[in-house]
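Colleague: The following file, structure_15.txt, comprises compact mmCIF, C-alpha atoms:
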```txt
# COMPACT_ATOMS: atom_id res chain seq x y z
CA MET G 1 27.35 0.06 20.81
CA GLU G 2 24.10 1.28 19.19
CA GLU G 3 22.37 -0.95 16.67
CA ARG G 4 22.55 0.19 13.07
CA LYS G 5 19.37 1.91 11.86
CA GLN G 6 18.67 1.20 8.22
CA VAL G 7 15.98 1.34 5.57
CA VAL G 8 15.98 -1.58 3.12
CA ILE G 9 14.22 -1.45 -0.26
CA THR G 10 14.02 -4.76 -2.10
CA LYS G 11 11.59 -7.26 -3.63
CA ILE G 12 9.93 -10.07 -1.66
CA GLN G 13 7.49 -12.43 -3.42
CA GLU G 14 7.63 -10.14 -6.48
CA LYS G 15 6.46 -7.20 -4.34
CA GLN G 16 8.55 -4.09 -3.87
CA VAL G 17 8.99 -3.69 -0.11
CA LEU G 18 10.46 -1.13 2.27
CA LEU G 19 11.66 -2.31 5.68
CA TYR G 20 12.97 -0.33 8.64
CA MET G 21 15.39 -2.25 10.86
CA GLU G 22 17.41 -1.55 13.98
CA GLY G 23 20.21 -4.11 14.06
CA ASP G 24 18.57 -7.45 13.28
CA THR G 25 15.16 -6.31 14.54
CA LEU G 26 12.44 -5.45 12.04
CA PHE G 27 10.00 -2.64 12.88
CA ASP G 28 8.23 -1.30 9.77
CA VAL G 29 7.13 -3.06 6.57
CA LEU G 30 5.53 -1.15 3.70
CA THR G 31 4.55 -2.09 0.16
CA GLY G 32 2.88 -0.25 -2.68
CA GLU G 33 -0.81 -0.63 -3.49
CA ASP G 34 -1.92 -3.20 -6.07
CA ASP G 35 -2.88 -2.05 -9.56
CA SER G 36 -6.52 -3.23 -9.67
CA PRO G 37 -8.95 -0.70 -11.25
CA GLU G 38 -10.88 -0.15 -8.00
CA THR G 39 -7.76 0.45 -5.87
CA VAL G 40 -6.97 4.00 -4.77
CA SER G 41 -3.79 5.04 -2.99
CA VAL G 42 -3.55 7.22 0.11
CA GLY G 43 -2.59 10.75 -0.91
CA ASP G 44 -3.99 10.65 -4.46
CA ILE G 45 -6.15 13.67 -5.37
CA TYR G 46 -9.16 13.29 -7.69
CA VAL G 47 -12.15 15.11 -9.09
CA GLY G 48 -14.88 12.87 -7.69
CA LYS G 49 -18.65 12.73 -8.05
CA ILE G 50 -21.17 12.20 -5.23
CA GLN G 51 -23.18 9.08 -6.10
CA ASN G 52 -25.10 8.59 -2.86
CA ILE G 53 -25.83 10.40 0.41
CA VAL G 54 -26.70 8.48 3.57
CA TYR G 55 -27.82 10.95 6.22
CA ASN G 56 -28.21 8.45 9.08
CA ILE G 57 -24.44 7.83 9.02
CA ASN G 58 -23.62 11.43 7.98
CA ALA G 59 -21.76 10.30 4.88
CA ALA G 60 -21.60 10.85 1.16
CA PHE G 61 -20.21 8.19 -1.15
CA VAL G 62 -17.94 9.71 -3.75
CA GLU G 63 -16.81 7.88 -6.89
CA VAL G 64 -13.23 8.92 -7.69
CA LYS G 65 -12.73 6.55 -10.61
CA PRO G 66 -15.08 4.03 -12.25
CA GLY G 67 -16.05 1.45 -9.63
CA ALA G 68 -14.15 3.12 -6.77
CA LEU G 69 -16.67 4.50 -4.24
CA CYS G 70 -15.20 6.27 -1.21
CA TYR G 71 -16.62 7.46 2.11
CA LEU G 72 -16.73 11.22 2.75
CA PRO G 73 -17.98 12.64 6.09
CA LEU G 74 -20.82 15.09 5.45
CA TRP G 75 -19.42 17.65 7.91
CA GLU G 76 -16.66 18.35 5.36
CA CYS G 77 -19.25 19.66 2.88
CA GLN G 78 -19.44 23.15 4.40
CA GLU G 79 -20.40 25.15 1.29
CA GLY G 80 -23.99 23.94 1.51
CA PRO G 81 -26.13 20.78 1.42
CA PRO G 82 -24.42 18.28 -0.93
CA GLN G 83 -26.37 16.82 -3.83
CA CYS G 84 -25.98 13.61 -5.78
CA GLY G 85 -24.08 14.44 -8.95
CA ASP G 86 -21.99 17.20 -7.33
CA GLU G 87 -18.36 17.10 -8.44
CA LEU G 88 -15.68 17.98 -5.92
CA ILE G 89 -11.93 17.73 -5.34
CA VAL G 90 -11.06 15.05 -2.77
CA GLN G 91 -7.93 13.33 -1.48
CA VAL G 92 -7.69 9.69 -0.39
CA LYS G 93 -7.12 9.64 3.38
CA LYS G 94 -7.43 5.93 4.23
CA THR G 95 -7.33 2.79 2.12
CA ALA G 96 -10.23 0.35 1.95
CA VAL G 97 -10.30 -2.34 4.65
CA LYS G 98 -12.27 -5.52 4.01
CA SER G 99 -15.90 -4.38 3.61
CA LYS G 100 -15.12 -0.75 4.52
CA ARG G 101 -14.70 1.78 1.75
CA ALA G 102 -11.65 3.97 1.32
CA VAL G 103 -12.02 7.34 3.07
CA VAL G 104 -11.57 10.66 1.27
CA THR G 105 -11.27 14.20 2.57
CA ARG G 106 -11.85 17.65 1.12
CA HIS G 107 -8.93 19.01 3.14
CA ILE G 108 -6.16 18.65 0.57
CA GLU G 109 -2.62 18.12 1.86
CA VAL G 110 0.73 17.86 0.06
CA ALA G 111 4.00 16.85 1.68
CA GLY G 112 7.68 17.12 0.84
CA ARG G 113 10.92 16.26 2.63
CA PHE G 114 10.80 19.35 4.85
CA ALA G 115 7.21 20.56 4.98
CA VAL G 116 3.52 19.64 4.82
CA ILE G 117 1.00 22.11 3.37
CA SER G 118 -2.68 21.71 4.31
CA THR G 119 -5.86 23.46 3.22
CA LYS G 120 -7.61 22.47 6.48
CA ASN G 121 -6.53 25.64 8.27
CA SER G 122 -3.96 28.45 8.13
CA GLU G 123 -1.87 27.38 11.14
CA LYS G 124 1.93 27.48 10.86
CA GLY G 125 3.98 25.16 13.05
CA ILE G 126 7.02 22.99 13.63
CA SER G 127 7.22 19.25 14.29
CA LYS G 128 7.12 18.44 18.00
CA LYS G 129 10.06 16.09 17.44
CA ILE G 130 12.34 19.10 16.90
CA GLN G 131 13.52 19.82 20.44
CA SER G 132 16.45 22.18 19.78
CA GLU G 133 15.56 25.73 20.86
CA GLU G 134 17.99 27.14 18.29
CA ALA G 135 16.32 25.17 15.48
CA GLN G 136 12.83 26.11 16.70
CA SER G 137 13.76 29.80 16.73
CA ARG G 138 15.36 29.65 13.27
CA LEU G 139 12.43 27.78 11.72
CA SER G 140 9.89 30.06 13.40
CA ASP G 141 11.60 33.02 11.75
CA LEU G 142 11.36 31.23 8.41
CA LEU G 143 7.64 30.55 8.88
CA ARG G 144 6.98 34.24 9.48
CA GLU G 145 7.76 34.77 5.80
CA PHE G 146 4.58 32.78 5.05
CA GLU G 147 2.27 34.40 7.62
CA GLU G 148 -0.01 35.83 4.94
CA GLU G 149 -0.53 32.45 3.26
CA GLU G 150 -4.08 31.14 3.65
CA TYR G 151 -2.97 27.51 4.05
CA GLY G 152 -1.29 25.76 6.94
CA ILE G 153 2.41 24.85 6.93
CA ILE G 154 4.03 22.32 9.24
CA LEU G 155 7.82 21.94 9.07
CA ARG G 156 8.92 18.31 9.41
CA THR G 157 11.81 16.83 11.40
CA ASN G 158 14.09 16.85 8.35
CA ALA G 159 13.90 20.65 8.33
CA GLU G 160 15.87 20.82 11.59
CA LYS G 161 19.28 20.41 9.95
CA ALA G 162 18.38 21.39 6.41
CA ASP G 163 19.60 24.49 4.59
CA GLU G 164 17.05 27.29 5.14
CA ASP G 165 17.00 28.09 1.44
CA GLU G 166 16.06 24.49 0.61
CA VAL G 167 13.22 24.55 3.13
CA ARG G 168 11.98 27.90 1.86
CA LYS G 169 12.04 26.77 -1.79
CA GLU G 170 10.17 23.57 -0.97
CA CYS G 171 7.45 25.48 0.91
CA GLN G 172 7.04 27.79 -2.07
CA ALA G 173 6.91 24.85 -4.50
CA LEU G 174 4.34 22.94 -2.41
CA LEU G 175 2.15 26.03 -2.08
CA SER G 176 2.30 26.46 -5.86
CA ASP G 177 1.26 22.82 -6.23
CA ILE G 178 -1.76 23.33 -3.96
CA TYR G 179 -2.93 26.45 -5.83
CA GLU G 180 -2.46 24.73 -9.19
CA ILE G 181 -4.38 21.60 -8.08
CA LEU G 182 -7.33 23.63 -6.77
CA GLU G 183 -7.39 25.85 -9.85
CA LYS G 184 -7.02 23.02 -12.35
CA GLY G 185 -9.59 20.89 -10.52
CA GLN G 186 -12.36 23.39 -11.30
CA TYR G 187 -12.04 22.71 -15.03
CA MET G 188 -11.07 19.03 -15.17
CA THR G 189 -13.57 16.30 -15.97
CA CYS G 190 -14.94 13.88 -13.39
CA PHE G 191 -12.56 11.08 -12.29
CA SER G 192 -9.48 13.12 -13.27
CA LEU G 193 -6.41 12.31 -11.18
CA LEU G 194 -5.08 15.75 -10.22
CA ARG G 195 -2.05 14.55 -8.28
CA LYS G 196 -0.51 11.14 -7.80
CA GLU G 197 1.04 10.65 -4.38
CA GLU G 198 4.76 9.92 -4.28
CA ILE G 199 5.72 6.27 -4.39
CA PHE G 200 5.53 4.65 -0.96
CA TYR G 201 9.27 4.41 -0.25
CA ARG G 202 9.87 8.09 -1.02
CA LYS G 203 6.90 9.03 1.14
CA TYR G 204 8.31 6.99 4.02
CA LEU G 205 11.79 8.49 3.66
CA ASN G 206 10.29 11.99 3.60
CA SER G 207 8.81 11.27 7.02
CA CYS G 208 12.09 9.93 8.49
CA ARG G 209 14.71 11.88 10.36
CA ILE G 210 17.38 11.07 7.77
CA SER G 211 20.25 12.22 9.99
CA GLU G 212 19.43 9.36 12.39
CA LEU G 213 19.58 6.69 9.67
CA ASP G 214 22.91 4.91 9.23
CA ARG G 215 22.10 3.82 5.71
CA ILE G 216 19.49 3.21 3.03
CA ILE G 217 20.27 0.04 1.10
CA THR G 218 18.65 -1.38 -2.03
CA ASP G 219 19.37 -4.04 -4.64
CA ASP G 220 17.10 -2.31 -7.14
CA GLU G 221 19.26 -0.30 -9.53
CA GLU G 222 16.37 1.90 -10.65
CA VAL G 223 15.51 2.82 -7.05
CA TYR G 224 19.19 3.54 -6.34
CA ARG G 225 19.46 5.89 -9.33
CA GLU G 226 16.27 7.66 -8.24
CA LEU G 227 17.32 8.18 -4.60
CA GLU G 228 21.07 8.73 -4.91
CA PRO G 229 20.77 12.44 -5.93
CA LEU G 230 18.58 13.03 -2.84
CA TYR G 231 20.49 11.06 -0.21
CA GLY G 232 24.06 10.86 -1.56
CA ALA G 233 26.41 8.67 0.44
CA LYS G 234 23.59 7.66 2.77
CA ILE G 235 22.23 5.26 0.12
CA GLN G 236 24.08 2.07 -0.89
CA PHE G 237 23.53 -0.19 -3.88
CA TYR G 238 23.80 -3.90 -3.02
CA ARG G 239 24.99 -6.25 -5.75
CA ASP G 240 25.98 -9.83 -4.92
CA ASP G 241 24.64 -12.66 -7.06
CA SER G 242 25.83 -15.28 -4.56
CA CYS G 243 23.75 -13.90 -1.66
CA SER G 244 20.54 -11.93 -2.04
CA LEU G 245 19.71 -8.98 0.22
CA ASP G 246 16.75 -11.00 1.49
CA HIS G 247 19.04 -13.88 2.52
CA LEU G 248 21.76 -11.58 3.90
CA LEU G 249 19.36 -9.82 6.29
CA GLY G 250 17.00 -12.77 6.90
CA ILE G 251 14.04 -10.71 5.75
CA SER G 252 11.67 -13.50 4.70
CA SER G 253 12.14 -15.39 7.97
CA LYS G 254 11.45 -12.20 9.94
CA LEU G 255 8.30 -11.58 7.92
CA LYS G 256 7.22 -15.17 8.47
CA ASN G 257 7.56 -14.65 12.24
CA GLY G 258 5.38 -11.55 11.84
CA LEU G 259 2.54 -13.78 10.63
CA GLU G 260 2.72 -16.20 13.57
CA LYS G 261 0.00 -16.15 16.19
CA ARG G 262 2.44 -16.72 19.07
CA VAL G 263 5.56 -14.60 19.66
CA TRP G 264 8.15 -15.86 22.12
CA LEU G 265 10.04 -13.51 24.43
CA LYS G 266 13.61 -13.99 25.70
CA SER G 267 12.36 -14.57 29.25
CA GLY G 268 10.32 -17.60 28.17
CA ALA G 269 7.05 -15.67 28.25
CA ASN G 270 5.06 -15.11 25.07
CA LEU G 271 2.48 -12.96 23.32
CA VAL G 272 -0.60 -14.34 21.58
CA ILE G 273 -1.87 -11.97 18.88
CA GLU G 274 -5.46 -12.44 17.67
CA PRO G 275 -6.91 -10.07 15.03
CA THR G 276 -10.73 -10.08 14.94
CA GLU G 277 -13.29 -8.16 12.89
CA ALA G 278 -13.77 -5.50 15.58
CA LEU G 279 -10.36 -5.27 17.26
CA THR G 280 -7.00 -6.95 17.83
CA VAL G 281 -6.25 -8.69 21.13
CA ILE G 282 -2.70 -9.17 22.42
CA ASP G 283 -2.40 -11.51 25.40
CA VAL G 284 0.76 -11.51 27.53
CA ASN G 285 1.41 -14.99 28.98
CA THR G 286 3.99 -15.99 31.58
CA GLY G 287 4.88 -19.26 29.80
CA LYS G 288 8.04 -20.69 31.37
CA ALA G 289 9.19 -17.33 32.71
CA ILE G 290 7.96 -17.89 36.29
CA GLU G 291 9.50 -21.30 36.92
CA GLY G 292 11.53 -21.16 40.13
CA LYS G 293 10.68 -17.49 40.77
CA ARG G 294 9.57 -16.57 44.28
CA ASN G 295 8.77 -12.89 43.97
CA LYS G 296 5.85 -13.09 41.57
CA GLU G 297 5.04 -9.34 41.57
CA THR G 298 8.58 -8.39 40.47
CA THR G 299 8.59 -11.18 37.87
CA PHE G 300 5.19 -10.16 36.50
CA PHE G 301 6.35 -6.54 36.22
CA LYS G 302 9.48 -7.55 34.28
CA ILE G 303 7.49 -9.82 31.95
CA ASN G 304 4.89 -7.10 31.36
CA CYS G 305 7.63 -4.57 30.48
CA GLU G 306 9.22 -7.07 28.09
CA GLY G 307 5.76 -7.79 26.67
CA ALA G 308 5.05 -4.05 26.22
CA ARG G 309 8.26 -3.57 24.21
CA GLU G 310 7.49 -6.51 21.95
CA ALA G 311 3.80 -5.61 21.62
CA ALA G 312 4.73 -2.07 20.48
CA ARG G 313 7.10 -3.55 17.88
CA GLN G 314 4.56 -6.13 16.69
CA ILE G 315 1.91 -3.42 16.28
CA ARG G 316 4.26 -1.60 13.91
CA LEU G 317 5.56 -4.71 12.15
CA ARG G 318 2.09 -6.17 11.54
CA ASN G 319 0.65 -2.71 10.86
CA LEU G 320 -2.24 -3.27 13.24
CA SER G 321 -4.82 -0.48 13.37
CA GLY G 322 -8.14 0.50 14.91
CA ILE G 323 -8.78 -0.76 18.44
CA ILE G 324 -6.03 -2.85 20.04
CA VAL G 325 -6.44 -4.40 23.50
CA ILE G 326 -3.46 -5.74 25.47
CA ASP G 327 -4.16 -8.15 28.33
CA PHE G 328 -1.12 -7.82 30.61
CA ILE G 329 -0.47 -10.09 33.58
CA ASP G 330 -2.28 -8.82 36.68
CA MET G 331 -0.11 -6.86 39.13
CA GLN G 332 -1.09 -5.84 42.64
CA LYS G 333 1.04 -2.70 43.01
CA LYS G 334 -0.46 0.45 41.49
CA GLU G 335 3.07 1.86 41.16
CA ASN G 336 4.02 -0.99 38.81
CA GLN G 337 0.85 -0.46 36.76
CA GLU G 338 1.67 3.24 36.35
CA LYS G 339 5.27 2.49 35.33
CA LEU G 340 4.05 -0.02 32.76
CA MET G 341 1.58 2.47 31.26
CA ALA G 342 4.27 5.16 31.11
CA LEU G 343 6.62 2.74 29.32
CA LEU G 344 3.93 1.76 26.81
CA ARG G 345 3.14 5.41 26.02
CA LYS G 346 6.85 6.13 25.49
CA LEU G 347 7.21 3.15 23.16
CA LEU G 348 4.20 4.13 21.07
CA GLU G 349 5.52 7.69 20.70
CA ARG G 350 8.25 6.21 18.47
CA ASP G 351 5.65 4.79 16.09
CA PRO G 352 5.56 6.78 12.81
CA THR G 353 1.80 6.08 12.67
CA ARG G 354 -0.22 7.85 15.35
CA ALA G 355 -1.05 5.47 18.21
CA ASN G 356 -2.65 6.43 21.54
CA VAL G 357 -2.94 4.63 24.86
CA ILE G 358 -6.54 5.34 25.89
CA ASP G 359 -6.86 3.79 29.34
CA ILE G 360 -6.63 0.66 31.45
CA THR G 361 -10.00 -0.92 32.25
CA LYS G 362 -11.15 -2.30 35.62
CA LEU G 363 -10.34 -5.75 34.26
CA GLY G 364 -6.75 -4.70 33.62
CA LEU G 365 -7.05 -4.48 29.83
CA VAL G 366 -5.07 -1.70 28.15
CA GLU G 367 -6.90 0.02 25.29
CA ILE G 368 -4.96 1.46 22.35
CA THR G 369 -6.10 3.08 19.12
CA ARG G 370 -3.88 3.30 16.03
CA MET G 371 -4.54 5.12 12.79
CA LYS G 372 -5.17 3.06 9.67
CA LYS G 373 -2.69 3.97 6.93
CA ASN G 374 -1.63 0.84 5.09
CA ARG G 375 -2.72 -2.76 4.76
CA PRO G 376 -1.81 -5.13 7.63
CA LEU G 377 1.11 -7.50 7.10
CA TRP G 378 -1.09 -10.61 6.96
CA GLU G 379 -3.03 -9.07 4.10
CA VAL G 380 0.10 -8.29 2.10
CA PHE G 381 1.91 -11.58 2.73
CA SER G 382 -0.46 -14.46 3.33
CA SER G 383 2.29 -17.08 3.65
CA PHE G 384 6.00 -17.89 3.26
```
What would you get if you wrote out this structure as structure tokens?

Modeller:
Amino acid sequence: MEERKQVVITKIQEKQVLLYMEGDTLFDVLTGEDDSPETVSVGDIYVGKIQNIVYNINAAFVEVKPGALCYLPLWECQEGPPQCGDELIVQVKKTAVKSKRAVVTRHIEVAGRFAVISTKNSEKGISKKIQSEEAQSRLSDLLREFEEEEYGIILRTNAEKADEDEVRKECQALLSDIYEILEKGQYMTCFSLLRKEEIFYRKYLNSCRISELDRIITDDEEVYRELEPLYGAKIQFYRDDSCSLDHLLGISSKLKNGLEKRVWLKSGANLVIEPTEALTVIDVNTGKAIEGKRNKETTFFKINCEGAREAARQIRLRNLSGIIVIDFIDMQKKENQEKLMALLRKLLERDPTRANVIDITKLGLVEITRMKKNRPLWEVFSSF
């Protein structure tokens, strides 16, 4: 029997939180951004002003609202040499991390449930996750209606089973939004917010393959009323004063485990997860898993596979990003090393945030990079 796949929206420590779970196992944790004046949210579109240009790092620093300076790569300023004081339309691409500024881009992008429109290029395409040839053919025909559009359109996984008319109308509406933003932005004053990104839980649900979710459950009546017209019977409202949703699903205890340095595996082995300033190191240890085992190579392979599955989950749960290095247990057989790498790549393909296995070094360390989208779990919840 397959484990139930569900999205949970509730409050933990006074923070509104979205969680994705399969059975009792927690994979994704997202929260909204805080409301401090300097905070900017990924997806927001502003009229910003260039305050500083640093040529040795090929960057301009753009102020999008008072006190909020963001990093903009100079190669995106293609109209001509940028000047301090120039005003331009930018979109927040990455949030600030510790001493690093938030990153903005000039390539504006807007997303809906079925499509993403981008000003970066004029390419039209379909999500690689849509495997059905019938769906690919049908959606390709639909995209031909937009061939003359100057902006790119990518149809998302939710478009696969959606009504064609709904997809078409959303594409038209998103294109109208883009044109309006770019037109309006030419006349708006500096620091104007041209478009506020959708709230984090709607953005996450837009990126999900809704047909594969068993349910969306929330104990927030306002959220339920907002989402019910969109998701119908798929969304449930939880109301039980004797047992909170947190207690029912053991959410706080699962989040607490996500802050621990050591993660135990069923075999008796464990992972040690150490975030540093430059990268995150995940060490796979045999622990008690090799006691009484004679065939060490087979045992090491099994532990490494178990460790790979848990490491991929912990990367998502903790929202680790940047460079991640996994130190697996040394194996002698090249065949086992190749199988392990293939498994790890397959596991990371399921991650909603882009993650790539780069290589395995001569010392047996596996290098991974993962895009920065949201704050890591330890930064959101410092303790329980």

Colleague: Counting all atoms listed in the file, which of G:Glu183, G:Glu338, G:Glu87, G:Glu123 gets nearest to Ile154 in chain G?

Modeller: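 Among the listed residues, the smallest separation from Ile154 in chain G belongs to G:Glu123.
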
Colleague: Taking all atoms listed in the file into account, produce a table as JSON lines in which each residue of range 83-112 of chain G with an atom at most 7 Å from an atom of range 41-51 of chain G appears once, together with its shortest atom pair and the distance in Å to one decimal, ordered by chain and rising number.

Modeller:
```
{"residue": "G:Cys84", "atom": "CA", "partner": "G:Ile50", "partner_atom": "CA", "distance": 5.0}
{"residue": "G:Gly85", "atom": "CA", "partner": "G:Ile50", "partner_atom": "CA", "distance": 5.2}
{"residue": "G:Asp86", "atom": "CA", "partner": "G:Ile50", "partner_atom": "CA", "distance": 5.5}
{"residue": "G:Glu87", "atom": "CA", "partner": "G:Lys49", "partner_atom": "CA", "distance": 4.4}
{"residue": "G:Leu88", "atom": "CA", "partner": "G:Gly48", "partner_atom": "CA", "distance": 5.5}
{"residue": "G:Ile89", "atom": "CA", "partner": "G:Val47", "partner_atom": "CA", "distance": 4.6}
{"residue": "G:Val90", "atom": "CA", "partner": "G:Tyr46", "partner_atom": "CA", "distance": 5.6}
{"residue": "G:Gln91", "atom": "CA", "partner": "G:Ile45", "partner_atom": "CA", "distance": 4.3}
{"residue": "G:Val92", "atom": "CA", "partner": "G:Val42", "partner_atom": "CA", "distance": 4.8}
{"residue": "G:Lys93", "atom": "CA", "partner": "G:Val42", "partner_atom": "CA", "distance": 5.4}
{"residue": "G:Lys94", "atom": "CA", "partner": "G:Val42", "partner_atom": "CA", "distance": 5.8}
{"residue": "G:Thr95", "atom": "CA", "partner": "G:Val42", "partner_atom": "CA", "distance": 6.2}
```

Colleague: Just how far from CA of Val8 in chain G is CA of Leu271 in chain G, in Å to one decimal?

Modeller: 26.8 Å

Colleague: Could you tell me how far CA of His107 in chain G sits from CA of Leu194 in chain G, in Å to one decimal place?

Modeller: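 So the answer is 14.3 Å.
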
Colleague: Identify the residues within 12 Å of coordinate (-29.8, 13.8, -1.4) (same frame as the file), considering all atoms listed in the file, and give the answer as a list in words.

Modeller: Ile50, Gln51, Asn52, Ile53, Val54, Tyr55, Asn56, Asn58, Ala59, Ala60, Phe61, Leu74, Pro81, Pro82, Gln83, Cys84, Gly85 and Asp86 of chain G

Colleague: Residues of the last selection are to be written out with C-alpha atoms, as a PDB file, keeping the file's coordinate frame.

Modeller:
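Dumped to part_34.pdb:
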```
ATOM      1  CA  ILE G  50     -21.170  12.200  -5.230  1.00  0.00           C
ATOM      2  CA  GLN G  51     -23.180   9.080  -6.100  1.00  0.00           C
ATOM      3  CA  ASN G  52     -25.100   8.590  -2.860  1.00  0.00           C
ATOM      4  CA  ILE G  53     -25.830  10.400   0.410  1.00  0.00           C
ATOM      5  CA  VAL G  54     -26.700   8.480   3.570  1.00  0.00           C
ATOM      6  CA  TYR G  55     -27.820  10.950   6.220  1.00  0.00           C
ATOM      7  CA  ASN G  56     -28.210   8.450   9.080  1.00  0.00           C
ATOM      8  CA  ASN G  58     -23.620  11.430   7.980  1.00  0.00           C
ATOM      9  CA  ALA G  59     -21.760  10.300   4.880  1.00  0.00           C
ATOM     10  CA  ALA G  60     -21.600  10.850   1.160  1.00  0.00           C
ATOM     11  CA  PHE G  61     -20.210   8.190  -1.150  1.00  0.00           C
ATOM     12  CA  LEU G  74     -20.820  15.090   5.450  1.00  0.00           C
ATOM     13  CA  PRO G  81     -26.130  20.780   1.420  1.00  0.00           C
ATOM     14  CA  PRO G  82     -24.420  18.280  -0.930  1.00  0.00           C
ATOM     15  CA  GLN G  83     -26.370  16.820  -3.830  1.00  0.00           C
ATOM     16  CA  CYS G  84     -25.980  13.610  -5.780  1.00  0.00           C
ATOM     17  CA  GLY G  85     -24.080  14.440  -8.950  1.00  0.00           C
ATOM     18  CA  ASP G  86     -21.990  17.200  -7.330  1.00  0.00           C
TER      19      ASP G  86
END
```

Colleague: So which residues touch Phe381 in chain G within 10 Å, counting all atoms listed in the file, skipping near sequence neighbours fewer than 5 positions away, as number ranges by chain?

Modeller: G: 12-13, 15, 255-256, 258-259, 376

Colleague: Would you work out the distance separating CA of Leu344 in chain G from CA of Ala311 in chain G, expressed in Å to one decimal?

Modeller: 9.0 Å

Colleague: Which residue, G:Arg350, G:Gly268, G:Ile326, G:Gln332, has the smallest gap to Val284 in chain G when you use all atoms listed in the file?

Modeller: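 Using all atoms listed in the file, Val284 in chain G sits closest to G:Ile326.
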
Colleague: Contacts of Thr280 in chain G at 10 Å or less, counting only C-alpha atoms, minus same-chain residues fewer than 4 places along, as a list in words?

Modeller: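 That gives Ile273, Glu274, Pro275, Thr276, Ile315, Leu320, Ser321, Gly322, Ile323, Ile324, Val325, Ile326 and Ile368 of chain G.
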
Colleague: Between G:Phe200, G:Lys346, G:Asp240, G:Ala111, which residue has the minimum interatomic distance to Ala173 in chain G, considering only C-alpha atoms?

Modeller: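 Checking each candidate against Ala173 in chain G, we get G:Ala111 as the closest.
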
Colleague: I'd like the neighbourhood of Gly287 in chain G as a list in words, where a residue qualifies if any of its atoms comes within 7 Å (using all atoms listed in the file), though same-chain residues fewer than 2 positions away should be ignored.

Modeller: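 Answer for this query is Gly268, Ala269, Asn270, Asn285 and Ala289 of chain G.
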
Colleague: For range 143-152 of chain G, find every residue with an atom within 9 Å (counting all atoms listed in the file), except residues of its own chain fewer than 3 positions away, and show them as JSON, numbers by chain.

Modeller: {"G": [116, 117, 118, 119, 120, 121, 122, 123, 124, 125, 126, 138, 139, 140, 155, 168, 171, 175]}
